[in-house]
$ cat coords15.cif   # mmCIF, C-alpha atoms
data_model
loop_
_atom_site.label_atom_id
_atom_site.label_comp_id
_atom_site.auth_asym_id
_atom_site.auth_seq_id
_atom_site.Cartn_x
_atom_site.Cartn_y
_atom_site.Cartn_z
CA MET A 15 156.41 -90.58 31.23
CA ILE A 16 157.53 -87.07 32.06
CA THR A 17 160.08 -87.66 34.79
CA ARG A 18 160.78 -84.17 36.11
CA ALA A 19 159.39 -84.08 39.65
CA ASP A 20 157.83 -80.65 39.18
CA VAL A 21 155.85 -81.66 36.08
CA PRO A 22 152.63 -83.45 37.06
CA ASP A 23 151.86 -86.73 35.32
CA ASN A 24 148.62 -85.23 33.99
CA ALA A 25 150.36 -82.03 32.88
CA GLY A 26 148.46 -79.49 30.84
CA VAL A 27 150.42 -79.03 27.61
CA VAL A 28 149.90 -76.59 24.75
CA ILE A 29 151.70 -77.16 21.44
CA THR A 30 151.67 -74.64 18.60
CA GLY A 31 152.28 -75.94 15.11
CA GLY A 32 151.00 -79.24 16.45
CA GLY A 33 149.27 -80.39 13.29
CA GLY A 34 152.33 -82.11 11.85
CA GLY A 35 156.06 -82.67 12.06
CA ILE A 36 157.79 -82.02 15.36
CA GLY A 37 154.63 -80.58 16.92
CA ALA A 38 152.60 -83.71 16.24
CA ALA A 39 155.44 -85.90 17.54
CA LEU A 40 155.53 -83.85 20.74
CA ALA A 41 151.77 -84.18 21.12
CA ARG A 42 151.97 -87.97 20.83
CA ARG A 43 154.91 -88.17 23.24
CA PHE A 44 153.30 -85.97 25.89
CA ALA A 45 149.95 -87.76 25.61
CA ALA A 46 151.67 -91.14 25.94
CA GLY A 47 153.13 -89.87 29.23
CA GLY A 48 149.70 -89.00 30.61
CA ALA A 49 149.56 -85.32 29.68
CA ARG A 50 146.43 -83.50 28.58
CA VAL A 51 147.25 -81.80 25.29
CA VAL A 52 145.93 -78.83 23.36
CA VAL A 53 147.05 -78.99 19.72
CA ALA A 54 147.10 -75.61 17.99
CA ASP A 55 147.71 -75.14 14.29
CA LEU A 56 146.88 -72.74 11.48
CA ASP A 57 145.57 -75.82 9.65
CA GLY A 58 142.48 -76.65 11.68
CA GLU A 59 141.94 -80.04 10.05
CA ALA A 60 145.51 -81.11 10.84
CA ALA A 61 145.15 -79.93 14.44
CA ALA A 62 141.88 -81.83 14.80
CA ALA A 63 143.38 -85.03 13.38
CA VAL A 64 146.29 -85.00 15.83
CA ALA A 65 144.01 -84.06 18.73
CA ARG A 66 141.72 -86.99 17.96
CA GLU A 67 144.70 -89.32 17.80
CA VAL A 68 146.04 -88.28 21.22
CA GLY A 69 142.74 -87.68 22.97
CA GLY A 70 143.44 -83.96 23.14
CA THR A 71 141.77 -80.71 22.17
CA ALA A 72 142.28 -78.89 18.87
CA PHE A 73 142.66 -75.16 18.38
CA ALA A 74 142.53 -73.74 14.86
CA GLY A 75 144.00 -70.37 14.08
CA ASP A 76 147.00 -68.11 13.72
CA VAL A 77 148.73 -67.92 17.10
CA ALA A 78 151.62 -65.65 16.13
CA GLY A 79 149.72 -62.45 16.86
CA GLU A 80 148.58 -61.22 20.25
CA ASP A 81 144.86 -61.76 19.62
CA GLY A 82 145.31 -65.35 18.48
CA LEU A 83 147.59 -66.18 21.40
CA ARG A 84 145.15 -64.65 23.86
CA ARG A 85 142.36 -66.81 22.45
CA LEU A 86 144.56 -69.91 22.62
CA HIS A 87 145.63 -69.11 26.18
CA ALA A 88 142.05 -68.57 27.34
CA GLU A 89 140.70 -71.69 25.65
CA ALA A 90 143.60 -73.83 26.89
CA LEU A 91 143.03 -72.64 30.47
CA GLY A 92 139.36 -73.50 30.09
CA VAL A 93 140.22 -77.03 29.02
CA LEU A 94 143.29 -77.72 31.14
CA GLY A 95 142.79 -75.55 34.20
CA GLU A 96 146.52 -74.81 34.26
CA ILE A 97 149.18 -74.76 31.54
CA ASP A 98 152.23 -76.62 32.81
CA VAL A 99 154.15 -76.87 29.54
CA PHE A 100 154.00 -74.54 26.55
CA CYS A 101 155.68 -75.70 23.34
CA ALA A 102 156.34 -72.71 21.09
CA ASN A 103 156.86 -74.94 18.09
CA ALA A 104 155.21 -73.13 15.15
CA GLY A 105 157.72 -71.69 12.70
CA ILE A 106 158.16 -70.62 9.11
CA ALA A 107 161.21 -70.77 6.83
CA VAL A 108 161.43 -68.01 4.24
CA HIS A 109 164.23 -68.56 1.73
CA GLY A 110 166.33 -65.83 0.19
CA GLY A 111 168.53 -63.02 1.43
CA ALA A 112 168.42 -59.25 1.69
CA GLU A 113 166.11 -59.13 -1.31
CA VAL A 114 163.28 -60.85 0.59
CA SER A 115 160.25 -58.58 0.91
CA GLU A 116 159.54 -56.49 3.99
CA GLU A 117 156.35 -58.50 4.46
CA ASP A 118 158.19 -61.83 4.55
CA TRP A 119 160.81 -60.47 6.95
CA ALA A 120 158.07 -59.12 9.21
CA ARG A 121 156.12 -62.38 9.13
CA SER A 122 159.28 -64.33 9.99
CA TRP A 123 159.79 -62.12 13.05
CA GLU A 124 156.15 -62.50 14.06
CA VAL A 125 156.04 -66.29 13.88
CA ASN A 126 159.60 -67.25 14.86
CA VAL A 127 160.28 -64.69 17.59
CA MET A 128 157.39 -62.49 18.68
CA ALA A 129 155.03 -65.44 19.11
CA HIS A 130 157.44 -66.72 21.78
CA VAL A 131 157.60 -63.31 23.45
CA ARG A 132 153.83 -62.94 23.48
CA ALA A 133 153.29 -66.45 24.81
CA ALA A 134 155.76 -65.82 27.65
CA ARG A 135 154.00 -62.55 28.46
CA LEU A 136 150.75 -64.46 28.98
CA LEU A 137 152.24 -67.44 30.80
CA LEU A 138 154.74 -65.89 33.19
CA PRO A 139 152.41 -64.26 35.75
CA ALA A 140 150.75 -67.57 36.70
CA TRP A 141 153.98 -69.55 36.43
CA LEU A 142 155.88 -67.16 38.68
CA GLU A 143 153.05 -67.12 41.19
CA ARG A 144 153.07 -70.88 41.60
CA GLY A 145 156.82 -71.26 41.10
CA ARG A 146 156.89 -73.58 38.12
CA GLY A 147 156.39 -73.69 34.37
CA HIS A 148 158.07 -75.18 31.31
CA PHE A 149 158.70 -73.28 28.08
CA VAL A 150 159.83 -75.43 25.15
CA ALA A 151 161.05 -73.35 22.19
CA THR A 152 161.61 -75.08 18.86
CA VAL A 153 164.55 -73.05 17.60
CA SER A 154 166.62 -75.07 15.05
CA ALA A 155 170.35 -75.48 14.67
CA ALA A 156 170.07 -72.38 12.47
CA GLY A 157 169.77 -70.41 15.70
CA LEU A 158 173.11 -71.72 16.90
CA LEU A 159 174.86 -71.70 13.51
CA THR A 160 173.23 -70.27 10.37
CA SER A 161 171.03 -71.42 7.51
CA LEU A 162 172.45 -71.14 4.02
CA GLY A 163 170.05 -69.58 1.54
CA ALA A 164 167.54 -68.46 4.16
CA ALA A 165 168.48 -65.18 5.83
CA PRO A 166 165.07 -64.47 7.45
CA TYR A 167 164.99 -67.96 8.95
CA SER A 168 168.57 -67.79 10.21
CA VAL A 169 168.25 -64.31 11.72
CA THR A 170 164.93 -64.93 13.43
CA LYS A 171 166.00 -68.32 14.78
CA HIS A 172 169.00 -66.55 16.34
CA GLY A 173 166.43 -64.24 17.90
CA ALA A 174 164.36 -67.14 19.20
CA LEU A 175 167.44 -68.66 20.83
CA ALA A 176 168.40 -65.33 22.37
CA PHE A 177 164.94 -64.92 23.89
CA ALA A 178 164.95 -68.48 25.25
CA GLU A 179 168.36 -67.86 26.82
CA TRP A 180 167.10 -64.62 28.35
CA LEU A 181 164.07 -66.39 29.84
CA ASP A 182 166.29 -69.08 31.33
CA VAL A 183 168.82 -66.77 32.97
CA THR A 184 166.11 -64.44 34.24
CA TYR A 185 163.68 -66.95 35.73
CA ARG A 186 165.57 -70.20 36.33
CA HIS A 187 165.84 -69.51 40.08
CA ARG A 188 162.10 -68.88 40.24
CA GLY A 189 161.09 -72.32 38.96
CA ILE A 190 160.79 -71.61 35.23
CA SER A 191 162.43 -74.25 33.02
CA VAL A 192 163.30 -73.33 29.45
CA TYR A 193 164.37 -75.70 26.68
CA ALA A 194 165.77 -74.62 23.29
CA VAL A 195 165.28 -77.37 20.72
CA CYS A 196 167.96 -77.09 18.01
CA PRO A 197 167.85 -79.93 15.47
CA GLN A 198 169.39 -79.87 12.03
CA GLY A 199 167.39 -81.56 9.27
CA VAL A 200 164.14 -83.22 10.32
CA ARG A 201 161.94 -85.16 7.91
CA THR A 202 159.09 -82.67 7.82
CA ARG A 203 157.40 -80.57 5.15
CA MET A 204 159.83 -77.73 5.97
CA LEU A 205 162.78 -79.86 4.88
CA ALA A 206 160.96 -80.99 1.75
CA ASP A 207 160.24 -77.36 0.88
CA SER A 208 163.92 -76.42 1.23
CA GLY A 209 164.63 -77.95 -2.18
CA PRO A 210 167.85 -79.52 -3.48
CA GLY A 211 170.05 -77.12 -1.49
CA GLY A 212 168.40 -78.12 1.77
CA GLU A 213 168.63 -81.79 0.85
CA LEU A 214 172.34 -81.43 0.10
CA ILE A 215 173.05 -79.78 3.45
CA MET A 216 170.63 -81.55 5.78
CA GLY A 217 169.33 -84.61 3.96
CA PRO A 218 172.09 -87.10 4.80
CA SER A 219 171.73 -86.52 8.56
CA ALA A 220 167.99 -85.83 8.67
CA ILE A 221 166.08 -87.53 11.47
CA GLU A 222 162.42 -88.26 12.17
CA PRO A 223 160.24 -85.90 14.26
CA GLU A 224 159.85 -88.63 16.88
CA GLN A 225 163.59 -88.53 17.53
CA VAL A 226 163.31 -84.81 18.26
CA ALA A 227 160.50 -85.48 20.72
CA ASP A 228 162.63 -88.12 22.44
CA ALA A 229 165.48 -85.62 22.75
CA VAL A 230 163.12 -83.05 24.29
CA PHE A 231 161.98 -85.51 26.93
CA GLU A 232 165.55 -86.49 27.73
CA ALA A 233 166.49 -82.84 28.20
CA MET A 234 163.45 -82.22 30.40
CA ALA A 235 164.35 -85.20 32.57
CA GLN A 236 167.86 -83.80 33.00
CA GLY A 237 166.83 -80.16 33.35
CA ARG A 238 169.07 -79.25 30.39
CA PHE A 239 168.45 -76.04 28.42
CA LEU A 240 170.00 -76.96 25.08
CA VAL A 241 168.29 -79.80 23.23
CA LEU A 242 170.52 -81.19 20.48
CA PRO A 243 168.90 -84.13 18.64
CA HIS A 244 171.97 -84.06 16.36
CA GLU A 245 174.90 -84.42 18.76
CA GLU A 246 177.38 -83.11 16.18
CA VAL A 247 175.79 -79.66 16.42
CA ALA A 248 177.57 -79.14 19.75
CA GLY A 249 180.92 -79.48 17.95
CA PHE A 250 179.85 -77.11 15.19
CA TYR A 251 178.70 -74.59 17.79
CA ALA A 252 182.02 -74.82 19.64
CA ALA A 253 183.95 -74.41 16.37
CA ARG A 254 181.87 -71.36 15.47
CA ALA A 255 182.94 -69.69 18.71
CA GLY A 256 186.49 -71.00 19.06
CA GLU A 257 187.64 -71.13 15.44
CA ASN A 258 185.38 -68.59 13.86
CA GLU A 259 187.36 -67.79 10.70
CA ARG A 260 187.82 -71.47 9.92
CA TRP A 261 184.14 -72.13 10.54
CA LEU A 262 183.06 -69.23 8.31
CA GLY A 263 185.37 -70.45 5.58
CA GLY A 264 183.91 -73.94 5.79
CA MET A 265 180.37 -72.60 5.60
CA ASN A 266 181.30 -70.49 2.59
CA LYS A 267 182.72 -73.59 0.91
CA LEU A 268 179.40 -75.32 1.51
CA GLN A 269 177.59 -72.27 0.12
CA ARG A 270 179.61 -72.59 -3.09
CA LYS A 271 178.65 -76.26 -3.34
CA VAL A 272 174.99 -75.31 -3.09
CA GLU A 273 175.42 -72.64 -5.75
CA ASP A 274 177.15 -75.15 -8.05
CA LEU A 275 174.32 -77.64 -7.52
CA LEU A 276 171.61 -75.10 -8.20
CA GLY A 277 173.52 -73.78 -11.21
CA GLU A 278 173.61 -77.24 -12.73
CA ARG A 279 169.85 -77.50 -12.33
#
$ encode --input "coords15.cif" --output "structure tokens"
Amino acid sequence: MITRADVPDNAGVVITGGGGGIGAALARRFAAGGARVVVADLDGEAAAAVAREVGGTAFAGDVAGEDGLRRLHAEALGVLGEIDVFCANAGIAVHGGAEVSEEDWARSWEVNVMAHVRAARLLLPAWLERGRGHFVATVSAAGLLTSLGAAPYSVTKHGALAFAEWLDVTYRHRGISVYAVCPQGVRTRMLADSGPGGELIMGPSAIEPEQVADAVFEAMAQGRFLVLPHEEVAGFYAARAGENERWLGGMNKLQRKVEDLLGER
């Protein structure tokens, strides 16, 4: 069950990117706790499958842009009456560096950052009026650290974390709870698509999506902003701030390992 006193047992929950991976695990976890769930995904069939499984409602479409989010918001209100929890979980990982196209950089900003901003813009008026609301942002450890080989992903996940932090410090005293979910490798399609470099970096410590959902619920029960399904990330984050040159050197060493691996292939 959801144990925070200000989250009703029959909470109205919206999850973007809910057709698989972490989103689907969150949908199952919330539904098991008595929540009423709207599962949104670009893949309509995947959204419908998860919605059927959890007794929820499916929404098919692109919810990064303002029009799609407005449609999702309106339809979710029609089904749920109120949105108590919004999980901004949809994300994309574009690999490459400065050479990545303008279009791919722009799309990364749209999905990984601006979708969160636009969702908050729609949700905040009602949440502030009634003095409660829960915003769950799937960020990634890349937002706390970096992501080798994927500059658009790393940069935009830093942006997603920054926006979540801003929401928390701005509205915490007005009843808005914000949670930044920052796992490392998770056994999802995104990890599979990261190739041998991603497997080298994240594979050995990769966890299942259900473990991420468990960590989210634990953080919600404790009212804790930072959700770290991989506990070691806290140490990496501290080292990044406190021993920055050493941390950068270590990351560069790992970068060279990746380059050696890819060169051999």
$ residues_around --input "coords15.cif" --residues "A:Val195" --least-positions-apart "4" --cutoff "7 Å" --atoms "all atoms listed in the file" --output "PDB file with C-alpha atoms, keeping the file's coordinate frame"
ATOM      1  CA  ALA A 151     161.050 -73.350  22.190  1.00  0.00           C
ATOM      2  CA  THR A 152     161.610 -75.080  18.860  1.00  0.00           C
ATOM      3  CA  VAL A 153     164.550 -73.050  17.600  1.00  0.00           C
ATOM      4  CA  SER A 154     166.620 -75.070  15.050  1.00  0.00           C
ATOM      5  CA  LEU A 240     170.000 -76.960  25.080  1.00  0.00           C
ATOM      6  CA  VAL A 241     168.290 -79.800  23.230  1.00  0.00           C
ATOM      7  CA  LEU A 242     170.520 -81.190  20.480  1.00  0.00           C
TER       8      LEU A 242
END
$ atom_distance --input "coords15.cif" --atom1 "atom CA of A:Leu40" --atom2 "atom CA of A:Ala140"
23.3 Å
$ residues_around --input "coords15.cif" --residues "A:His244" --least-positions-apart "6" --cutoff "10 Å" --atoms "all atoms listed in the file" --output "PyMOL selection string"
chain A and resi 155+196-200+219-221+225-226+229
$ residues_near_point --input "coords15.cif" --point "(159.8, -68.7, 8.3)" --cutoff "9 Å" --atoms "only C-alpha atoms" --output "number ranges by chain"
A: 105-109, 118-119, 121-123, 125-126, 164, 166-167, 170-171
$ residues_near_point --input "coords15.cif" --point "(150.7, -73.2, 18.7)" --cutoff "6 Å" --atoms "all atoms listed in the file" --output "PyMOL selection string"
chain A and resi 29-31+54-55+77+104
$ closest_residue --input "coords15.cif" --among "A:Ala65, A:Ala253, A:Val99, A:Leu86" --to "A:Gly147" --atoms "all atoms listed in the file"
A:Val99
$ closest_residue --input "coords15.cif" --among "A:Ile36, A:Ala165, A:Ala134, A:Ala25" --to "A:Pro243" --atoms "all atoms listed in the file"
A:Ile36
$ closest_residue --input "coords15.cif" --among "A:Ala63, A:Ala133, A:Ala174, A:Leu276" --to "A:Cys101" --atoms "all atoms listed in the file"
A:Ala133
$ residues_around --input "coords15.cif" --residues "A:Ser191" --least-positions-apart "4" --cutoff "8 Å" --atoms "only C-alpha atoms" --output "list in words"
Arg146, Gly147, His148, Phe149, Asp182, Tyr185, Arg186, Gly237 and Phe239 of chain A
$ resolve_selection --input "coords15.cif" --expression "the PyMOL selection byres ((chain A and resi 73) around 12)" --output "PyMOL selection string"
chain A and resi 28-33+51-66+70-72+74-77+82-83+85-90+93
$ atom_distance --input "coords15.cif" --atom1 "atom CA of A:Pro139" --atom2 "atom CA of A:Ala49"
22.1 Å
$ closest_residue --input "coords15.cif" --among "A:Arg238, A:His130, A:Arg84, A:Arg260" --to "A:Ala176" --atoms "all atoms listed in the file"
A:His130
$ axis_aligned_box --input "coords15.cif" --around "stretch 44-54 of chain A" --padding-each-side "4 Å" --output "JSON"
{"center_x": 149.6, "center_y": -83.4, "center_z": 24.3, "size_x": 15.4, "size_y": 23.5, "size_z": 20.6}
$ atom_distance --input "coords15.cif" --atom1 "atom CA of A:Val131" --atom2 "atom CA of A:Asn103"
12.8 Å
$ closest_residue --input "coords15.cif" --among "A:Arg203, A:Ala129, A:Glu246, A:Glu116" --to "A:Asp81" --atoms "only C-alpha atoms"
A:Ala129
$ residues_around --input "coords15.cif" --residues "A:Met265" --least-positions-apart "2" --cutoff "12 Å" --atoms "all atoms listed in the file" --output "list of chain:residue names"
A:Leu159, A:Thr160, A:Ser161, A:Leu162, A:Gly163, A:Ile215, A:Phe250, A:Ala253, A:Arg254, A:Asn258, A:Glu259, A:Arg260, A:Trp261, A:Leu262, A:Gly263, A:Lys267, A:Leu268, A:Gln269, A:Arg270, A:Lys271, A:Val272
$ resolve_selection --input "coords15.cif" --expression "the PyMOL selection byres ((chain A and resi 97) around 6)" --output "PyMOL selection string"
chain A and resi 26-27+96+98-99
$ write_last_selection --input "coords15.cif" --atoms "C-alpha atoms" --output "PDB file, in the frame of the given file"
ATOM      1  CA  GLY A  26     148.460 -79.490  30.840  1.00  0.00           C
ATOM      2  CA  VAL A  27     150.420 -79.030  27.610  1.00  0.00           C
ATOM      3  CA  GLU A  96     146.520 -74.810  34.260  1.00  0.00           C
ATOM      4  CA  ASP A  98     152.230 -76.620  32.810  1.00  0.00           C
ATOM      5  CA  VAL A  99     154.150 -76.870  29.540  1.00  0.00           C
TER       6      VAL A  99
END
$ closest_residue --input "coords15.cif" --among "A:Met128, A:Leu158, A:Leu91, A:Leu138" --to "A:Val247" --atoms "all atoms listed in the file"
A:Leu158
$ build_atoms --input "coords15.cif" --residues "stretch 105-127 of chain A" --atoms "N, CA and C atoms" --output "PDB file, in the coordinates of the input"
ATOM      1  N   GLY A 105     156.655 -72.466  13.330  1.00  0.00           N
ATOM      2  CA  GLY A 105     157.720 -71.690  12.700  1.00  0.00           C
ATOM      3  C   GLY A 105     157.557 -71.674  11.196  1.00  0.00           C
ATOM      4  N   ILE A 106     158.176 -70.693  10.565  1.00  0.00           N
ATOM      5  CA  ILE A 106     158.160 -70.620   9.110  1.00  0.00           C
ATOM      6  C   ILE A 106     159.590 -70.406   8.615  1.00  0.00           C
ATOM      7  N   ALA A 107     159.880 -70.912   7.430  1.00  0.00           N
ATOM      8  CA  ALA A 107     161.210 -70.770   6.830  1.00  0.00           C
ATOM      9  C   ALA A 107     161.051 -70.052   5.493  1.00  0.00           C
ATOM     10  N   VAL A 108     161.448 -68.800   5.470  1.00  0.00           N
ATOM     11  CA  VAL A 108     161.430 -68.010   4.240  1.00  0.00           C
ATOM     12  C   VAL A 108     162.831 -68.043   3.642  1.00  0.00           C
ATOM     13  N   HIS A 109     162.937 -68.446   2.398  1.00  0.00           N
ATOM     14  CA  HIS A 109     164.230 -68.560   1.730  1.00  0.00           C
ATOM     15  C   HIS A 109     164.566 -67.279   0.992  1.00  0.00           C
ATOM     16  N   GLY A 110     165.857 -67.035   0.853  1.00  0.00           N
ATOM     17  CA  GLY A 110     166.330 -65.830   0.190  1.00  0.00           C
ATOM     18  C   GLY A 110     167.192 -65.018   1.139  1.00  0.00           C
ATOM     19  N   GLY A 111     167.635 -63.851   0.652  1.00  0.00           N
ATOM     20  CA  GLY A 111     168.530 -63.020   1.430  1.00  0.00           C
ATOM     21  C   GLY A 111     167.975 -61.629   1.654  1.00  0.00           C
ATOM     22  N   ALA A 112     168.836 -60.630   1.451  1.00  0.00           N
ATOM     23  CA  ALA A 112     168.420 -59.250   1.690  1.00  0.00           C
ATOM     24  C   ALA A 112     167.290 -58.810   0.769  1.00  0.00           C
ATOM     25  N   GLU A 113     167.148 -59.509  -0.341  1.00  0.00           N
ATOM     26  CA  GLU A 113     166.110 -59.130  -1.310  1.00  0.00           C
ATOM     27  C   GLU A 113     164.712 -59.561  -0.895  1.00  0.00           C
ATOM     28  N   VAL A 114     164.595 -60.380   0.134  1.00  0.00           N
ATOM     29  CA  VAL A 114     163.280 -60.850   0.590  1.00  0.00           C
ATOM     30  C   VAL A 114     162.418 -59.647   0.980  1.00  0.00           C
ATOM     31  N   SER A 115     161.144 -59.725   0.684  1.00  0.00           N
ATOM     32  CA  SER A 115     160.250 -58.580   0.910  1.00  0.00           C
ATOM     33  C   SER A 115     160.134 -58.220   2.376  1.00  0.00           C
ATOM     34  N   GLU A 116     159.792 -56.966   2.631  1.00  0.00           N
ATOM     35  CA  GLU A 116     159.540 -56.490   3.990  1.00  0.00           C
ATOM     36  C   GLU A 116     158.465 -57.331   4.671  1.00  0.00           C
ATOM     37  N   GLU A 117     157.454 -57.711   3.895  1.00  0.00           N
ATOM     38  CA  GLU A 117     156.350 -58.500   4.460  1.00  0.00           C
ATOM     39  C   GLU A 117     156.828 -59.857   4.939  1.00  0.00           C
ATOM     40  N   ASP A 118     157.697 -60.508   4.150  1.00  0.00           N
ATOM     41  CA  ASP A 118     158.190 -61.830   4.550  1.00  0.00           C
ATOM     42  C   ASP A 118     159.150 -61.735   5.728  1.00  0.00           C
ATOM     43  N   TRP A 119     159.955 -60.676   5.773  1.00  0.00           N
ATOM     44  CA  TRP A 119     160.810 -60.470   6.950  1.00  0.00           C
ATOM     45  C   TRP A 119     159.948 -60.262   8.194  1.00  0.00           C
ATOM     46  N   ALA A 120     158.932 -59.428   8.057  1.00  0.00           N
ATOM     47  CA  ALA A 120     158.070 -59.120   9.210  1.00  0.00           C
ATOM     48  C   ALA A 120     157.336 -60.368   9.686  1.00  0.00           C
ATOM     49  N   ARG A 121     156.842 -61.164   8.752  1.00  0.00           N
ATOM     50  CA  ARG A 121     156.120 -62.380   9.130  1.00  0.00           C
ATOM     51  C   ARG A 121     157.058 -63.373   9.817  1.00  0.00           C
ATOM     52  N   SER A 122     158.297 -63.450   9.344  1.00  0.00           N
ATOM     53  CA  SER A 122     159.280 -64.330   9.990  1.00  0.00           C
ATOM     54  C   SER A 122     159.508 -63.902  11.441  1.00  0.00           C
ATOM     55  N   TRP A 123     159.630 -62.616  11.679  1.00  0.00           N
ATOM     56  CA  TRP A 123     159.790 -62.120  13.050  1.00  0.00           C
ATOM     57  C   TRP A 123     158.564 -62.447  13.898  1.00  0.00           C
ATOM     58  N   GLU A 124     157.387 -62.249  13.313  1.00  0.00           N
ATOM     59  CA  GLU A 124     156.150 -62.500  14.060  1.00  0.00           C
ATOM     60  C   GLU A 124     156.042 -63.943  14.519  1.00  0.00           C
ATOM     61  N   VAL A 125     156.254 -64.874  13.583  1.00  0.00           N
ATOM     62  CA  VAL A 125     156.040 -66.290  13.880  1.00  0.00           C
ATOM     63  C   VAL A 125     157.205 -66.874  14.678  1.00  0.00           C
ATOM     64  N   ASN A 126     158.434 -66.575  14.281  1.00  0.00           N
ATOM     65  CA  ASN A 126     159.600 -67.250  14.860  1.00  0.00           C
ATOM     66  C   ASN A 126     160.108 -66.624  16.144  1.00  0.00           C
ATOM     67  N   VAL A 127     159.778 -65.358  16.388  1.00  0.00           N
ATOM     68  CA  VAL A 127     160.280 -64.690  17.590  1.00  0.00           C
ATOM     69  C   VAL A 127     159.156 -64.111  18.439  1.00  0.00           C
TER      70      VAL A 127
END
